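S.K.: Data file coords.tsv (TSV, C-alpha atoms) is appended below.
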```tsv
chain	number	residue	atom	x	y	z
Z	1	MET	CA	12.92	-4.57	-51.98
Z	2	THR	CA	11.27	-7.96	-51.44
Z	3	PRO	CA	8.22	-8.27	-49.17
Z	4	ALA	CA	10.43	-10.09	-46.64
Z	5	ASP	CA	12.94	-7.24	-46.68
Z	6	ARG	CA	10.10	-4.77	-46.30
Z	7	ASP	CA	8.72	-6.60	-43.26
Z	8	ALA	CA	12.15	-6.77	-41.66
Z	9	LYS	CA	12.75	-3.07	-42.22
Z	10	GLU	CA	9.33	-2.25	-40.81
Z	11	ALA	CA	9.91	-4.40	-37.72
Z	12	SER	CA	13.25	-2.81	-36.96
Z	13	ALA	CA	11.81	0.64	-37.58
Z	14	GLN	CA	9.02	-0.04	-35.08
Z	15	ALA	CA	11.52	-1.22	-32.49
Z	16	SER	CA	13.42	2.05	-32.70
Z	17	ALA	CA	10.43	4.42	-33.11
Z	18	PRO	CA	10.00	6.77	-30.13
Z	19	THR	CA	7.16	6.15	-27.68
Z	20	PRO	CA	4.37	8.64	-28.34
Z	21	LYS	CA	3.89	11.17	-25.58
Z	22	PRO	CA	0.71	10.00	-23.82
Z	23	LEU	CA	-2.25	12.33	-23.61
Z	24	PRO	CA	-3.96	12.82	-20.28
Z	25	ALA	CA	-6.19	9.75	-20.07
Z	26	GLN	CA	-9.40	11.65	-19.72
Z	27	LEU	CA	-8.80	13.67	-22.86
Z	28	LEU	CA	-7.98	10.57	-24.87
Z	29	GLU	CA	-11.10	8.83	-23.56
Z	30	ARG	CA	-13.29	11.65	-24.86
Z	31	TRP	CA	-12.91	10.19	-28.34
Z	32	ARG	CA	-14.70	7.05	-27.11
Z	33	ASP	CA	-17.73	9.11	-26.04
Z	34	TYR	CA	-18.70	8.93	-29.70
Z	35	ARG	CA	-19.38	6.20	-32.23
Z	36	TRP	CA	-17.12	7.08	-35.14
Z	37	GLU	CA	-17.99	6.39	-38.74
Z	38	LEU	CA	-15.49	5.87	-41.54
Z	39	VAL	CA	-16.20	7.25	-44.99
Z	40	HIS	CA	-13.75	6.24	-47.69
Z	41	GLU	CA	-15.27	6.65	-51.13
Z	42	ALA	CA	-13.86	6.01	-54.59
Z	43	PRO	CA	-12.01	8.97	-56.15
Z	44	GLN	CA	-14.03	12.16	-56.38
Z	45	ALA	CA	-13.58	15.57	-57.94
Z	46	PRO	CA	-11.74	18.39	-56.14
Z	47	PHE	CA	-14.72	20.77	-56.10
Z	48	LEU	CA	-16.92	18.01	-54.70
Z	49	HIS	CA	-14.42	17.39	-51.90
Z	50	MET	CA	-14.56	21.06	-50.94
Z	51	ALA	CA	-18.36	20.94	-50.85
Z	52	LEU	CA	-18.51	17.64	-48.98
Z	53	ASP	CA	-16.46	19.14	-46.17
Z	54	GLU	CA	-19.04	21.89	-45.69
Z	55	VAL	CA	-22.01	19.55	-46.01
Z	56	LEU	CA	-20.67	16.96	-43.59
Z	57	LEU	CA	-19.62	19.59	-41.06
Z	58	GLU	CA	-23.17	20.95	-41.02
Z	59	ARG	CA	-24.69	17.46	-40.82
Z	60	VAL	CA	-22.52	16.51	-37.84
Z	61	ALA	CA	-23.29	19.87	-36.20
Z	62	ALA	CA	-27.02	19.22	-36.61
Z	63	GLY	CA	-26.72	15.69	-35.26
Z	64	HIS	CA	-27.81	14.18	-38.57
Z	65	ARG	CA	-24.54	12.35	-39.02
Z	66	PRO	CA	-22.31	10.67	-36.42
Z	67	PRO	CA	-18.78	12.04	-35.93
Z	68	THR	CA	-16.89	10.93	-38.99
Z	69	LEU	CA	-13.43	10.23	-40.35
Z	70	ARG	CA	-13.42	10.81	-44.11
Z	71	ILE	CA	-10.50	9.59	-46.15
Z	72	TRP	CA	-10.37	11.47	-49.44
Z	73	GLU	CA	-9.43	10.03	-52.81
Z	74	TRP	CA	-8.83	12.57	-55.57
Z	75	ASN	CA	-9.84	11.92	-59.19
Z	76	ALA	CA	-8.00	14.99	-60.44
Z	77	GLY	CA	-5.26	17.32	-59.36
Z	78	ALA	CA	-5.86	20.79	-58.06
Z	79	ILE	CA	-4.50	23.77	-56.24
Z	80	VAL	CA	-6.37	24.15	-52.98
Z	81	LEU	CA	-6.29	27.64	-51.53
Z	82	GLY	CA	-6.97	28.38	-47.90
Z	83	ARG	CA	-10.14	30.32	-47.10
Z	84	PHE	CA	-8.25	33.60	-46.64
Z	85	GLN	CA	-5.68	33.40	-49.39
Z	86	SER	CA	-5.56	35.68	-52.37
Z	87	VAL	CA	-5.41	33.98	-55.77
Z	88	ARG	CA	-2.89	36.34	-57.32
Z	89	ASN	CA	-0.65	36.21	-54.28
Z	90	GLU	CA	-0.52	32.41	-54.26
Z	91	VAL	CA	-0.63	31.29	-57.86
Z	92	ASP	CA	0.69	32.32	-61.23
Z	93	GLU	CA	-2.56	32.19	-63.17
Z	94	ALA	CA	-0.80	32.09	-66.53
Z	95	ALA	CA	1.09	28.98	-65.41
Z	96	VAL	CA	-2.15	27.48	-64.06
Z	97	LYS	CA	-3.74	27.91	-67.49
Z	98	ARG	CA	-0.68	26.52	-69.25
Z	99	HIS	CA	-0.80	23.37	-67.15
Z	100	GLY	CA	-4.58	23.05	-67.35
Z	101	LEU	CA	-4.96	23.01	-63.57
Z	102	LEU	CA	-7.94	23.59	-61.35
Z	103	ILE	CA	-7.95	26.21	-58.59
Z	104	THR	CA	-10.22	25.49	-55.64
Z	105	ARG	CA	-10.82	27.18	-52.31
Z	106	ARG	CA	-11.62	25.35	-49.10
Z	107	ILE	CA	-13.61	26.61	-46.11
Z	108	THR	CA	-10.67	26.38	-43.69
Z	109	GLY	CA	-7.76	28.77	-43.39
Z	110	GLY	CA	-4.13	27.85	-43.85
Z	111	GLY	CA	-1.93	27.65	-46.87
Z	112	ALA	CA	-2.09	26.58	-50.49
Z	113	MET	CA	-1.73	22.95	-51.46
Z	114	PHE	CA	-0.77	21.45	-54.78
Z	115	VAL	CA	-2.52	18.13	-55.13
Z	116	VAL	CA	-1.61	15.38	-57.57
Z	117	PRO	CA	-3.66	12.21	-57.06
Z	118	GLY	CA	-1.41	9.51	-55.68
Z	119	ASN	CA	1.02	12.05	-54.24
Z	120	VAL	CA	-1.05	12.99	-51.19
Z	121	ILE	CA	-3.04	11.49	-48.37
Z	122	THR	CA	-5.97	13.66	-47.27
Z	123	TYR	CA	-8.52	13.15	-44.53
Z	124	SER	CA	-11.13	15.11	-42.61
Z	125	VAL	CA	-12.52	14.55	-39.15
Z	126	TYR	CA	-15.89	16.08	-38.30
Z	127	VAL	CA	-16.27	16.23	-34.55
Z	128	PRO	CA	-18.63	17.78	-32.01
Z	129	GLU	CA	-17.01	20.79	-30.38
Z	130	ALA	CA	-17.45	19.06	-27.01
Z	131	LEU	CA	-14.53	16.83	-27.96
Z	132	VAL	CA	-12.17	19.82	-27.76
Z	133	LYS	CA	-13.97	21.66	-24.98
Z	134	GLY	CA	-11.66	23.57	-22.68
Z	135	MET	CA	-8.75	23.45	-25.13
Z	136	SER	CA	-7.32	26.44	-26.88
Z	137	PHE	CA	-7.66	26.42	-30.65
Z	138	ALA	CA	-3.93	25.83	-30.89
Z	139	ASP	CA	-4.03	22.81	-28.55
Z	140	SER	CA	-6.99	21.36	-30.42
Z	141	TYR	CA	-4.88	21.05	-33.59
Z	142	ALA	CA	-2.38	18.73	-31.94
Z	143	PHE	CA	-5.13	16.90	-30.05
Z	144	LEU	CA	-7.15	16.13	-33.18
Z	145	ASP	CA	-4.10	14.71	-34.95
Z	146	ALA	CA	-2.53	12.78	-32.07
Z	147	TRP	CA	-3.81	9.51	-33.57
Z	148	VAL	CA	-2.05	10.21	-36.88
Z	149	VAL	CA	1.21	10.99	-35.12
Z	150	GLU	CA	0.89	7.62	-33.35
Z	151	ALA	CA	0.10	5.85	-36.63
Z	152	LEU	CA	3.13	7.38	-38.34
Z	153	GLN	CA	5.40	6.48	-35.46
Z	154	GLY	CA	4.10	2.93	-35.72
Z	155	LEU	CA	5.26	2.94	-39.34
Z	156	GLY	CA	8.74	3.99	-38.32
Z	157	VAL	CA	8.32	7.66	-39.17
Z	158	ASN	CA	9.63	9.84	-36.37
Z	159	ALA	CA	6.54	12.03	-36.52
Z	160	VAL	CA	5.86	14.98	-34.28
Z	161	TYR	CA	3.33	17.80	-34.25
Z	162	LYS	CA	4.78	21.28	-34.55
Z	163	PRO	CA	2.52	24.13	-33.47
Z	164	LEU	CA	0.41	25.55	-34.90
Z	165	ASN	CA	-0.55	23.04	-37.52
Z	166	ASP	CA	2.45	21.21	-38.97
Z	167	LEU	CA	2.72	17.45	-39.11
Z	168	SER	CA	6.46	16.95	-39.15
Z	169	SER	CA	9.24	14.47	-38.71
Z	170	ASP	CA	12.95	14.75	-38.07
Z	171	GLN	CA	13.30	14.81	-41.86
Z	172	GLY	CA	11.03	17.75	-42.45
Z	173	LYS	CA	7.41	18.74	-42.79
Z	174	ILE	CA	5.07	15.96	-43.90
Z	175	GLY	CA	1.82	17.86	-44.09
Z	176	GLY	CA	-0.43	20.50	-42.63
Z	177	ALA	CA	-3.74	20.73	-40.85
Z	178	ALA	CA	-6.52	23.26	-41.09
Z	179	GLN	CA	-9.65	23.70	-39.08
Z	180	THR	CA	-12.91	25.59	-38.92
Z	181	ARG	CA	-15.86	25.50	-36.55
Z	182	LYS	CA	-19.54	25.92	-37.21
Z	183	LEU	CA	-22.66	25.54	-35.09
Z	184	GLY	CA	-20.99	23.39	-32.45
Z	185	ALA	CA	-18.93	21.14	-34.70
Z	186	VAL	CA	-15.35	21.17	-35.86
Z	187	LEU	CA	-13.96	20.32	-39.29
Z	188	HIS	CA	-10.31	19.41	-38.99
Z	189	HIS	CA	-8.52	18.18	-42.08
Z	190	VAL	CA	-5.02	17.31	-43.14
Z	191	THR	CA	-3.17	16.80	-46.37
Z	192	MET	CA	0.13	14.95	-46.25
Z	193	ALA	CA	2.71	14.61	-48.96
Z	194	TYR	CA	3.17	11.00	-49.93
Z	195	ASP	CA	5.32	11.52	-52.99
Z	196	HIS	CA	7.14	14.42	-54.63
Z	197	ASN	CA	5.26	16.87	-56.74
Z	198	THR	CA	6.18	17.72	-60.25
Z	199	SER	CA	8.13	20.78	-61.25
Z	200	ALA	CA	4.77	22.21	-62.30
Z	201	MET	CA	4.19	23.02	-58.65
Z	202	LEU	CA	7.18	25.36	-58.56
Z	203	GLU	CA	5.94	27.14	-61.68
Z	204	VAL	CA	2.40	27.48	-60.40
Z	205	LEU	CA	2.70	28.27	-56.68
Z	206	ARG	CA	4.29	31.48	-55.58
Z	207	ILE	CA	6.48	30.92	-52.54
Z	208	GLY	CA	7.66	34.30	-51.42
Z	209	LYS	CA	10.82	35.17	-49.54
Z	210	GLU	CA	8.83	36.56	-46.60
Z	211	LYS	CA	7.14	33.21	-46.02
Z	212	LEU	CA	10.40	31.30	-46.14
Z	213	SER	CA	12.27	33.76	-43.95
Z	214	ASP	CA	11.05	32.30	-40.69
Z	215	LYS	CA	11.80	28.73	-41.69
Z	216	GLY	CA	15.31	29.46	-42.85
Z	217	THR	CA	14.87	27.57	-46.10
Z	218	VAL	CA	15.77	28.66	-49.57
Z	219	SER	CA	13.79	26.54	-51.95
Z	220	ALA	CA	10.12	25.63	-52.02
Z	221	ASP	CA	10.60	21.93	-52.65
Z	222	LYS	CA	12.77	21.52	-49.59
Z	223	ARG	CA	10.01	22.57	-47.23
Z	224	VAL	CA	8.24	19.23	-47.41
Z	225	THR	CA	9.69	15.71	-47.15
Z	226	PRO	CA	7.17	13.26	-48.62
Z	227	LEU	CA	6.30	10.12	-46.69
Z	228	ARG	CA	7.64	7.92	-49.46
Z	229	GLN	CA	11.11	9.10	-48.54
Z	230	GLN	CA	10.52	8.11	-44.94
Z	231	THR	CA	8.81	4.75	-45.32
Z	232	GLN	CA	8.88	2.11	-48.03
Z	233	LEU	CA	5.18	1.44	-47.63
Z	234	SER	CA	2.66	2.11	-50.36
Z	235	ARG	CA	0.19	4.94	-50.07
Z	236	GLU	CA	-2.63	2.44	-49.62
Z	237	ARG	CA	-0.74	0.68	-46.84
Z	238	VAL	CA	-0.07	3.96	-45.05
Z	239	THR	CA	-3.72	4.95	-45.39
Z	240	GLN	CA	-4.79	1.60	-43.97
Z	241	ALA	CA	-2.43	2.10	-41.01
Z	242	PHE	CA	-4.14	5.43	-40.31
Z	243	ILE	CA	-7.56	3.80	-40.37
Z	244	ASP	CA	-6.41	0.92	-38.16
Z	245	THR	CA	-4.84	3.24	-35.59
Z	246	PHE	CA	-7.95	5.42	-35.46
Z	247	ARG	CA	-10.07	2.32	-34.97
Z	248	ASP	CA	-7.82	0.93	-32.23
Z	249	ARG	CA	-7.76	4.20	-30.30
Z	250	HIS	CA	-11.25	5.56	-30.81
Z	251	GLY	CA	-13.41	2.84	-32.32
Z	252	LEU	CA	-14.60	3.12	-35.93
Z	253	SER	CA	-17.29	1.48	-38.03
Z	254	SER	CA	-17.57	1.52	-41.80
Z	255	GLY	CA	-20.04	3.90	-43.34
Z	256	SER	CA	-20.60	5.79	-46.54
Z	257	LEU	CA	-21.94	9.05	-47.87
Z	258	GLU	CA	-25.71	9.35	-48.07
Z	259	SER	CA	-27.01	10.05	-51.56
Z	260	THR	CA	-28.63	13.18	-50.12
Z	261	GLU	CA	-25.23	14.35	-48.90
Z	262	VAL	CA	-23.66	13.86	-52.30
Z	263	ALA	CA	-26.60	15.57	-54.01
Z	264	GLU	CA	-26.34	18.55	-51.67
Z	265	ALA	CA	-22.57	18.73	-52.21
Z	266	GLU	CA	-23.08	18.68	-55.98
Z	267	ARG	CA	-25.58	21.51	-55.65
Z	268	ARG	CA	-23.04	23.52	-53.68
Z	269	VAL	CA	-20.35	22.89	-56.29
Z	270	GLU	CA	-22.65	24.52	-58.82
Z	271	GLN	CA	-23.68	27.39	-56.60
Z	272	LYS	CA	-20.54	28.04	-54.62
Z	273	PHE	CA	-17.40	25.95	-54.72
Z	274	GLY	CA	-17.15	25.73	-58.50
Z	275	THR	CA	-17.94	29.38	-59.10
Z	276	LYS	CA	-15.50	32.17	-59.87
Z	277	ALA	CA	-17.10	34.22	-57.11
Z	278	TRP	CA	-15.97	31.70	-54.49
Z	279	VAL	CA	-12.64	30.65	-55.96
Z	280	HIS	CA	-11.70	34.30	-56.46
Z	281	LEU	CA	-13.30	35.42	-53.18
Z	282	LEU	CA	-9.96	37.05	-52.47
Z	283	PRO	CA	-8.68	37.72	-55.96
G	1	MET	CA	-10.77	46.56	-64.48
G	2	ASP	CA	-7.88	45.24	-62.45
G	3	ASP	CA	-6.53	48.08	-60.36
G	4	THR	CA	-3.96	45.85	-58.69
G	5	ASP	CA	-1.15	48.05	-59.90
G	6	ALA	CA	-2.63	51.01	-58.05
G	7	MET	CA	-2.53	49.07	-54.80
G	8	ARG	CA	0.48	48.99	-52.56
G	9	LYS	CA	1.41	45.69	-51.01
G	10	GLY	CA	2.93	44.86	-47.65
G	11	GLU	CA	3.56	41.46	-46.09
G	12	TYR	CA	4.49	40.29	-42.65
G	13	LYS	CA	5.05	36.81	-41.29
G	14	THR	CA	4.58	36.46	-37.57
G	15	PRO	CA	7.53	34.40	-36.27
G	16	GLY	CA	6.21	30.91	-35.64
G	17	GLY	CA	2.91	32.06	-37.17
G	18	LYS	CA	1.47	32.82	-40.54
G	19	LEU	CA	1.79	35.31	-43.37
G	20	VAL	CA	-0.54	38.27	-43.67
G	21	VAL	CA	-0.66	40.27	-46.90
G	22	VAL	CA	-2.18	43.72	-47.03
G	23	ASN	CA	-2.95	45.57	-50.25
G	24	LEU	CA	-3.90	49.23	-49.86
G	25	GLN	CA	-5.15	51.84	-52.26
G	26	VAL	CA	-4.34	55.33	-51.10
G	27	GLU	CA	-5.90	58.52	-52.43
G	28	ASP	CA	-5.17	61.98	-51.08
G	29	GLY	CA	-3.27	60.53	-48.15
G	30	VAL	CA	-6.12	58.25	-47.03
G	31	VAL	CA	-6.62	54.50	-47.43
G	32	VAL	CA	-9.68	54.11	-49.67
G	33	LYS	CA	-9.50	50.37	-50.29
G	34	ALA	CA	-7.91	47.49	-48.43
G	35	GLU	CA	-7.39	43.79	-49.00
G	36	VAL	CA	-6.17	41.45	-46.29
G	37	SER	CA	-5.21	37.86	-47.04
G	38	GLY	CA	-2.87	35.12	-45.93
G	39	ASP	CA	-2.49	31.60	-44.66
G	40	PHE	CA	-3.70	32.39	-41.17
G	41	PHE	CA	-6.81	31.05	-39.43
G	42	LEU	CA	-9.68	33.24	-38.33
G	43	GLU	CA	-12.93	32.42	-36.57
G	44	PRO	CA	-15.49	33.39	-37.64
G	45	ALA	CA	-14.32	33.71	-41.26
G	46	GLU	CA	-16.60	36.70	-41.76
G	47	ALA	CA	-14.43	38.73	-39.36
G	48	LEU	CA	-12.01	39.23	-42.25
G	49	GLU	CA	-14.33	41.89	-43.65
G	50	ARG	CA	-14.12	43.77	-40.35
G	51	ILE	CA	-10.33	43.63	-40.42
G	52	ARG	CA	-10.33	44.91	-43.98
G	53	ASP	CA	-12.84	47.69	-43.27
G	54	ALA	CA	-10.85	48.75	-40.21
G	55	LEU	CA	-7.99	49.83	-42.46
G	56	VAL	CA	-10.18	51.89	-44.78
G	57	GLY	CA	-10.13	55.52	-43.74
G	58	ALA	CA	-6.75	55.28	-42.06
G	59	SER	CA	-4.29	58.01	-42.81
G	60	ALA	CA	-1.35	56.98	-44.98
G	61	ASP	CA	0.77	58.42	-42.16
G	62	ALA	CA	-0.87	56.28	-39.47
G	63	SER	CA	1.53	54.59	-37.11
G	64	GLU	CA	1.59	50.86	-36.50
G	65	GLU	CA	-0.01	51.48	-33.09
G	66	GLN	CA	-2.84	53.44	-34.68
G	67	LEU	CA	-3.37	50.83	-37.38
G	68	SER	CA	-3.40	47.90	-34.93
G	69	ALA	CA	-5.82	49.82	-32.67
G	70	ARG	CA	-8.16	50.23	-35.65
G	71	VAL	CA	-8.11	46.50	-36.28
G	72	ARG	CA	-8.42	45.57	-32.62
G	73	ASP	CA	-11.34	47.93	-32.07
G	74	ALA	CA	-13.21	46.45	-35.01
G	75	LEU	CA	-13.20	42.95	-33.55
G	76	THR	CA	-15.49	41.54	-30.89
G	77	ASP	CA	-14.30	39.22	-28.12
G	78	ASP	CA	-15.52	36.11	-29.91
G	79	VAL	CA	-13.11	36.59	-32.82
G	80	VAL	CA	-10.08	34.30	-32.77
G	81	MET	CA	-7.01	35.14	-34.84
G	82	LEU	CA	-4.56	32.26	-35.17
G	83	GLY	CA	-1.09	32.82	-36.51
G	84	PHE	CA	-1.59	36.57	-36.82
G	85	SER	CA	-2.79	39.52	-34.79
G	86	PRO	CA	-3.91	43.14	-35.12
G	87	GLU	CA	-0.22	44.06	-34.73
G	88	ALA	CA	0.76	41.76	-37.59
G	89	VAL	CA	-1.88	43.31	-39.84
G	90	ALA	CA	-0.61	46.75	-38.85
G	91	THR	CA	3.00	45.83	-39.65
G	92	ALA	CA	2.00	44.57	-43.07
G	93	ALA	CA	-0.12	47.70	-43.64
G	94	ARG	CA	2.76	49.95	-42.59
G	95	ARG	CA	4.99	48.14	-45.07
G	96	ALA	CA	2.39	48.77	-47.76
G	97	LEU	CA	2.33	52.47	-46.88
G	98	ALA	CA	6.07	52.88	-46.63
```
Would you give me this structure, written as structure tokens?
M.R.:
Amino acid sequence: MTPADRDAKEASAQASAPTPKPLPAQLLERWRDYRWELVHEAPQAPFLHMALDEVLLERVAAGHRPPTLRIWEWNAGAIVLGRFQSVRNEVDEAAVKRHGLLITRRITGGGAMFVVPGNVITYSVYVPEALVKGMSFADSYAFLDAWVVEALQGLGVNAVYKPLNDLSSDQGKIGGAAQTRKLGAVLHHVTMAYDHNTSAMLEVLRIGKEKLSDKGTVSADKRVTPLRQQTQLSRERVTQAFIDTFRDRHGLSSGSLESTEVAEAERRVEQKFGTKAWVHLLP
Amino acid sequence: MDDTDAMRKGEYKTPGGKLVVVNLQVEDGVVVKAEVSGDFFLEPAEALERIRDALVGASADASEEQLSARVRDALTDDVVMLGFSPEAVATAARRALA
């Protein structure tokens, strides 16, 4: 597809994209109570990403860092387990070894993800709890991702949020959100599928019948429809659209990780996130 | 030593919610060890230990109502379970004991 064709397709997609349901004005304006900082570093290791989430959450909670949007770039693939998942229930460890994959565990609940760099878009927002004051936990999920839904709709993806934590479109699930709260701050993060995963995922992740029963699906790879099937745009272009929409709605200035933050995260990789005790917290 | 094989497993997915997996070790008709896991959300995360401990000591003949009461009674008002509930844990536990 030529750039001209791509522009034309994008323009017509925008014309037919549904109008986002507006949030009550006061709730939307809450975002502008804060000066948001963007962190978008060069690719980093999976364990470091896990640790950075904990470090930045604590720093925002303590008021040492402004509320932040962190776009992740992965320098290696990994399986990311939710905080409460059991390793043996979610992965076939023999297959993990065979494929030379890394198993990590994040501090938020939710389900297992299979990450291949280039196939996903991942971000975290670290926000003061005041931003979601008065909302139920369930409502806060949709509220904290409303900007992404708008960004996707602007790209011609008919995106919608499905409770509790599914980012979806009329073509299927795009990604999932997870959240945890600590000391007055909220970590809310999302991984979206940009491109299809390899067949390795089906060998490595266990997707049981019980889990699929409610969704009425029969095969694991049909549960997610990657963005690349729903827009012709590159992963970088989609990521930039997210950043631009966040900036337009909430304000956003460019920042970076402090060297002390990275050093602390590296320490926590050694002492927690990279250890068997943490990864196999629920064996 | 991996005593997984000695543990009985039950799962339950709350419709519109998440999966909870319960592994129970039963000796002499009493739950002596429990594991609870899944893709649910729980605040604070440490409350998982209380849910787990609530199942230990239950009779293998306990009803779902008795099992969910054990879980409910172990949790303080500040605990938030998202995508699952004491009843969901009890259903999964009952399936493990069946």
S.K.: So, counting all atoms listed in the file, which residue among G:Thr91, G:Ser85, G:Val79, G:Asn23 is closest to G:Gln66?
M.R.: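 Of all the options, G:Thr91 lies closest to G:Gln66.
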S.K.: Contacts of G:Met7 at 8 Å or less, counting only C-alpha atoms, minus same-chain residues fewer than 6 places along, as a JSON list (two decimals) with C-alpha atoms, in the frame of the given file?
M.R.:
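Written out: out-v3.json:
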```json
[["chain", "number", "residue", "atom", "x", "y", "z"],
["G", 23, "ASN", "CA", -2.95, 45.57, -50.25],
["G", 24, "LEU", "CA", -3.90, 49.23, -49.86],
["G", 25, "GLN", "CA", -5.15, 51.84, -52.26],
["G", 26, "VAL", "CA", -4.34, 55.33, -51.10]]
```
S.K.: Just give me the gap between atom CA of G:Asp39 and atom CA of Z:Ala177 in Å, one decimal is fine.
M.R.: 11.6 Å
S.K.: Between atom CA of Z:Val115 and atom CA of Z:Gln240, what is the spacing in Å?
M.R.: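 Between atom CA of Z:Gln240 and atom CA of Z:Val115 the gap is 20.1 Å.
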S.K.: Do a neighbour search on G:Val56 at 8 Å with all atoms listed in the file, toss out local chain neighbours closer than 2 positions, and write the hits as a PyMOL selection string.
M.R.: chain G and resi 30-34+52-54+58
S.K.: With a cut-off of 10 Å, could you pull out the residues of chain G touching chain Z and give me the nearest pair of atoms for each, distance in Å to one decimal, using only C-alpha atoms, ordered by chain and ascending number, as CSV?
M.R.:
```
residue,atom,partner,partner_atom,distance
G:Asp2,CA,Z:Pro283,CA,10.0
G:Thr4,CA,Z:Arg88,CA,9.7
G:Glu11,CA,Z:Glu210,CA,7.2
G:Tyr12,CA,Z:Glu210,CA,7.0
G:Lys13,CA,Z:Lys211,CA,6.3
G:Thr14,CA,Z:Asp214,CA,8.3
G:Pro15,CA,Z:Asp214,CA,6.0
G:Gly16,CA,Z:Asp214,CA,7.1
G:Gly17,CA,Z:Leu164,CA,7.3
G:Lys18,CA,Z:Lys211,CA,7.9
G:Leu19,CA,Z:Lys211,CA,6.3
G:Val20,CA,Z:Gln85,CA,9.1
G:Val21,CA,Z:Asn89,CA,8.4
G:Glu35,CA,Z:Leu282,CA,8.0
G:Val36,CA,Z:Phe84,CA,8.1
G:Ser37,CA,Z:Gln85,CA,5.1
G:Gly38,CA,Z:Gln85,CA,4.8
G:Asp39,CA,Z:Gly110,CA,4.2
G:Phe40,CA,Z:Gly110,CA,5.3
G:Phe41,CA,Z:Gly109,CA,4.7
G:Leu42,CA,Z:Gly109,CA,7.0
G:Glu43,CA,Z:Thr180,CA,7.2
G:Pro44,CA,Z:Arg181,CA,8.0
G:Ala45,CA,Z:Arg83,CA,7.9
G:Leu48,CA,Z:Phe84,CA,8.1
G:Val80,CA,Z:Phe137,CA,8.5
G:Met81,CA,Z:Phe137,CA,9.7
G:Leu82,CA,Z:Ala138,CA,7.7
G:Gly83,CA,Z:Leu164,CA,7.6
```
S.K.: Could you save the residues just selected, with C-alpha atoms, as a short mmCIF file (atom, residue, chain, number, x, y, z; two decimals), keeping the file's coordinate frame?
M.R.:
```
data_model
loop_
_atom_site.label_atom_id
_atom_site.label_comp_id
_atom_site.auth_asym_id
_atom_site.auth_seq_id
_atom_site.Cartn_x
_atom_site.Cartn_y
_atom_site.Cartn_z
CA ASP G 2 -7.88 45.24 -62.45
CA THR G 4 -3.96 45.85 -58.69
CA GLU G 11 3.56 41.46 -46.09
CA TYR G 12 4.49 40.29 -42.65
CA LYS G 13 5.05 36.81 -41.29
CA THR G 14 4.58 36.46 -37.57
CA PRO G 15 7.53 34.40 -36.27
CA GLY G 16 6.21 30.91 -35.64
CA GLY G 17 2.91 32.06 -37.17
CA LYS G 18 1.47 32.82 -40.54
CA LEU G 19 1.79 35.31 -43.37
CA VAL G 20 -0.54 38.27 -43.67
CA VAL G 21 -0.66 40.27 -46.90
CA GLU G 35 -7.39 43.79 -49.00
CA VAL G 36 -6.17 41.45 -46.29
CA SER G 37 -5.21 37.86 -47.04
CA GLY G 38 -2.87 35.12 -45.93
CA ASP G 39 -2.49 31.60 -44.66
CA PHE G 40 -3.70 32.39 -41.17
CA PHE G 41 -6.81 31.05 -39.43
CA LEU G 42 -9.68 33.24 -38.33
CA GLU G 43 -12.93 32.42 -36.57
CA PRO G 44 -15.49 33.39 -37.64
CA ALA G 45 -14.32 33.71 -41.26
CA LEU G 48 -12.01 39.23 -42.25
CA VAL G 80 -10.08 34.30 -32.77
CA MET G 81 -7.01 35.14 -34.84
CA LEU G 82 -4.56 32.26 -35.17
CA GLY G 83 -1.09 32.82 -36.51
#
```
S.K.: Calculate how many Å separate atom CA of Z:Tyr161 from atom CA of Z:Met201, rounding to one decimal.
M.R.: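 For atom CA of Z:Tyr161 relative to atom CA of Z:Met201, the distance reads 25.0 Å.
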S.K.: May I ask which of the residues G:Asp61, G:Arg72, G:Ala6, G:Asp28 is the closest one to G:Leu97, counting all atoms listed in the file?
M.R.: G:Asp61
S.K.: Give me, as a list in words, all polymer residues having an atom no more than 8 Å from Z:Glu261, counting all atoms listed in the file and skipping those fewer than 2 positions away in the same chain.
M.R.: Leu52, Val55, Leu56, Leu257, Glu258, Ser259, Ala263, Glu264 and Ala265 of chain Z
S.K.: For each of Z:Leu183, Z:Ala151, Z:Val39, Z:Val157, take the minimum atom-to-atom distance to Z:Val60, counting only C-alpha atoms, then give the residue where this is smallest.
M.R.: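 For Z:Val60, the nearest of the given residues is Z:Leu183.
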S.K.: Tell me which protein, DNA and RNA residues are within 6 Å of stretch 73-76 of chain Z, counting only C-alpha atoms, leaving out same-chain ones fewer than 4 positions away, and put them as a list in words.
M.R.: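 These residues fall inside the cut-off: Pro43, Gln44, Ala45 and Pro117 of chain Z.
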S.K.: Check the smallest atom-to-atom distance from each of Z:Val125, Z:Leu281, Z:Leu28, Z:Leu48 to Z:Leu69 using only C-alpha atoms, then report the winner.
M.R.: Z:Val125
